[in-house]
Amino acid sequence: MPRKYIKLLGSSGYQNYSDETLQRALKEVSANKCSVREASRKFGVPKSTLSDHLKASRKGIKLLSPGGQPVLTEMEENVLVDGLILCAEWGYPLHASDVKDVVQDYLNREGRSVKQFTDNRPGEDWTWNFLKRNPTLTNRFAENIKRARAALDVETLEKYFDAVEETLAEVPPENLINFDETNFTDDPGSVKVITRRGSRHVERIIDHSKTSISVMFAATGSGELLPPFTVYKAQNLYPTWVEGGLAGARYATSKSGWFDMKLFEEWFREICLPYLKKRRGKRAIIGDNLASHINLEVIRLCQENDIAFILLPPNATHLLQSLDVGVFKPMKGGWRKTLLEWKQTNRGVVPKSVFPRLLKNTVERLGDKLSENIKAGFKATGLIPMNREEVLKRVPRKSTNDNSPETWSRALINRLEETRKKDTASDTASDTAKKRGKRLDVQPGKSISSEEAIRALMDEEEPEPAVSSDESDGDMEDDSQDQEEKEAEDSTDETEIEEGDFVLVKYVTEEDSRSKLYVGQVVNILGDDKWETKFMRKQTGRKSIWFSFPKIPDIETISPQSVIAKLESKESRRGMYYFPDIEDFASINNVS
């Protein structure tokens with residue numbers, strides 16, 4: 001059955017007329033131009049249909065559409081729609097298969113048996129028609145955020161905006177600078193290609209590595225991008241590494257390949273401060289509160305030059321960091337295109353001598369859109385113009401409707417709030433073990449003084465100087481805890497496994513020490529090293545590889561190290577699952 005069915009007039013014994021024809025017939029009868037019988041003969045609409053529509057119009061009721069009717073009533077669908085929107089607003093949107101499970105569970109609890117469904121579980125057609133009947137819903141990709149970011153609430157943001165509105169009062173857009181550090185990897189990423197139908201393992205010859213280079217960007221509220229500051233992972237800096245880049249760009253090296261306090265001070269002295277000294281009126285810079293981005297000398301210089309130094313709340317860069325919100329995504333897209341063009345004619349890892357030229361090409365590729373993206377980032381973060389609702393509308397809030405009934409949705413709100421904010425035992429243990437180093441305990445949105453910074457940094461250890469005994473051009477390894485956190489936040493290639501995800505698990509048998517691959521679904525994350533997984537069985541006698549859950553659940557506890565990959569599922573009507581990516585692993589391994 002086609003997903004967008006269009007009925008052909010005359011193909012069945014009912015409704016062999018268009019809606020326009022029906023409306024013309026009703027209009028002539030209502031205007032007393034002809035009788036119901038005459039209109040029926042003239043327009044080809046059944047007499048009973050015209051009579052029913054006229055009666056419904058007089059009584060103000062709505063007639064059912066011809067053909068099959070929805071399984072759920074209008075009220076039931078409205079409740080389901082409200083629940084789906086609520087889950088999405090709280091950071092737990094449901095997959096289409098989850099919605100089918102909810103409907104199946106509801107019908108089973110109600111004791112209703114629907115013959116159109118298999119075991120009361122809706123199929124793909126029902127899902128498509130449900131979305132069509134409820135245009136407030138849509139099916140789209142979701143962006144994953146960590147639990148720490150999800151814990152950011154309205155109260156924290158309100159306090160931040162109360163402070164930042166006071167700090168940025170009378171600061172013109174050209175006098176406000178947002179800074180942020182990001183990395184450019186050596187991998188152009190995967191793309192869709194055209195190949196023979198049925199090909200299981202499609203390869204593209206492109207050299208790539210995990211090497212990345214860190215760059216500090218700064219942009220003004222007026223849409224101007226300041227010269228970037230690049231940091232290489234090496235001991236010495238060579239002349240060829242600084243040639244062919246953007247005008248005014250600066251370059252340095254460090255042991256980790258990321259910024260430390262010393263390099264942050266150099267960036268501020270050489271790029272940020274000279275720009276702000278030329279501006280008249282109140283001035284300010286705003287950025288995240290990583291300890292490596294906080295330098296007492298920088299804060300002292302800000303005080304001397306009457307520059308407000310503003311810190312963002314922790315775990316809020318996805319909402320409040322203007323460069324993150326509006327600039328880095330299109331810039332990284334341009335970088336992948338530039339990198340792919342270079343790799344199509346060159347071999348190996350991108351040399352440091354080539355990086356400045358490629359970065360310049362990436363920035364110039366954006367053209368006039370770069371300034372528009374910068375301004376859009378400041379607008380989306382509620383800074384220019386100052387409008388906190390631009391941010392608050394993306395954070396879930398408790399309903400203030402006192403007339404709403406105390407139904408399951410009220411309990412769902414409380415449950416979602418608890419799940420979104422609380423720290424699990426595993427999270428606490430993990431944070432204790434990692435000891436990433438504390439952030440500055442100052443109020444976000446207000447400018448910070450050197451005295452406040454000294455008090456906040458009293459318990460901090462002095463970072464190691466960026467000196468290395470040997471030059472290293474290999475993969476970047478972040479040695480400082482704050483740099484690790486920054487790299488993890490900026491990385492887009494890392495895949496996180498959550499409850500409900502399908503995974504491919506590798507087992508090594510004790511008899512012959514050979515490995516086998518199994519498909520399972522993570523049902524409970526017990527900790528950093530324990531995942532409770534429900535395994536599936538392969539269905540035989542099929543051209544493609546399909547899986548289903550056995551009648552007797554096969555649940556075991558696995559370690560994250562045994563997971564080979566995360567799988568995307570495509571479900572059939574009979575409770576079987578097809579994983580397109582499994583074909584790649586099945587060609588070289590036994591999948592059970």
# chains A, B, ... in the order shown; residues from 1 in each chain; ligands from 1

$ residues_around --residues "range 499-501 of chain A" --least-positions-apart "2" --cutoff "12 Å" --atoms "only C-alpha atoms" --output "PyMOL selection string"
chain A and resi 92+94-95+97-98+495-497+503-504+519-527+531-535+563+565-569

$ residues_around --residues "Val171 in chain A" --least-positions-apart "5" --cutoff "12 Å" --atoms "only C-alpha atoms" --output "JSON, numbers by chain"
{"A": [164, 165, 166, 176, 177, 220, 221, 222, 276, 279, 280, 281, 282, 283, 284, 285, 306, 307, 308, 383, 384, 385, 386]}

$ write_last_selection --atoms "C-alpha atoms" --output "mmCIF file, in the first residue's frame"
data_model
loop_
_atom_site.group_PDB
_atom_site.id
_atom_site.type_symbol
_atom_site.label_atom_id
_atom_site.label_comp_id
_atom_site.auth_asym_id
_atom_site.auth_seq_id
_atom_site.Cartn_x
_atom_site.Cartn_y
_atom_site.Cartn_z
ATOM 1 C CA VAL A 164 24.003 39.375 32.585
ATOM 2 C CA GLU A 165 21.336 41.980 31.793
ATOM 3 C CA GLU A 166 22.808 44.211 34.484
ATOM 4 C CA LEU A 176 30.802 42.334 23.202
ATOM 5 C CA ILE A 177 33.065 39.357 22.412
ATOM 6 C CA THR A 220 31.592 40.180 18.257
ATOM 7 C CA GLY A 221 27.892 40.864 18.595
ATOM 8 C CA SER A 222 28.052 42.955 15.416
ATOM 9 C CA LEU A 276 38.686 46.077 22.644
ATOM 10 C CA ARG A 279 36.362 50.474 21.063
ATOM 11 C CA ARG A 280 34.719 53.256 23.037
ATOM 12 C CA GLY A 281 32.143 52.759 25.768
ATOM 13 C CA LYS A 282 31.485 49.731 27.947
ATOM 14 C CA ARG A 283 33.140 46.486 26.808
ATOM 15 C CA ALA A 284 32.763 42.830 27.777
ATOM 16 C CA ILE A 285 33.896 39.306 26.908
ATOM 17 C CA ASP A 306 37.275 48.433 32.265
ATOM 18 C CA ILE A 307 36.309 45.208 30.484
ATOM 19 C CA ALA A 308 33.660 42.964 32.052
ATOM 20 C CA LEU A 383 22.136 38.372 24.242
ATOM 21 C CA ILE A 384 21.564 40.610 21.203
ATOM 22 C CA PRO A 385 18.872 41.737 21.471
ATOM 23 C CA MET A 386 18.558 40.860 25.166
#

$ residues_around --residues "Thr381 in chain A" --least-positions-apart "6" --cutoff "9 Å" --atoms "only C-alpha atoms" --output "PDB file with C-alpha atoms, in the first residue's frame"
ATOM      1  CA  LEU A 319      22.150  26.973  25.071  1.00  0.00           C
ATOM      2  CA  LEU A 320      24.262  30.040  25.909  1.00  0.00           C
ATOM      3  CA  GLN A 321      27.522  29.819  23.921  1.00  0.00           C
ATOM      4  CA  SER A 322      26.870  31.935  20.808  1.00  0.00           C
ATOM      5  CA  VAL A 325      24.842  27.673  18.757  1.00  0.00           C
ATOM      6  CA  ASN A 387      15.698  38.364  25.269  1.00  0.00           C
ATOM      7  CA  ARG A 388      15.870  35.520  27.781  1.00  0.00           C
ATOM      8  CA  GLU A 390      14.923  32.782  23.285  1.00  0.00           C
ATOM      9  CA  VAL A 391      16.694  30.380  25.678  1.00  0.00           C
TER      10      VAL A 391
END

$ residues_around --residues "range 34-44 of chain A" --least-positions-apart "6" --cutoff "10 Å" --atoms "only C-alpha atoms" --output "PyMOL selection string"
chain A and resi 15-17+21-22+24-28+50-51+54

$ closest_residue --among "A:Met536, A:Ala163, A:Val102, A:Leu80" --to "Asn134 in chain A" --atoms "only C-alpha atoms"
A:Leu80

$ residues_around --residues "Val99 in chain A" --least-positions-apart "5" --cutoff "10 Å" --atoms "only C-alpha atoms" --output "number ranges by chain"
A: 80, 84, 93-94, 104-105, 121-122, 127

$ select_by_dssp --residues "range 117-288 of chain A" --states "alpha helix (DSSP H)" --output "count of residues only"
40

$ atom_distance --atom1 "CA of Leu312 in chain A" --atom2 "CA of Ile286 in chain A"
7.2 Å
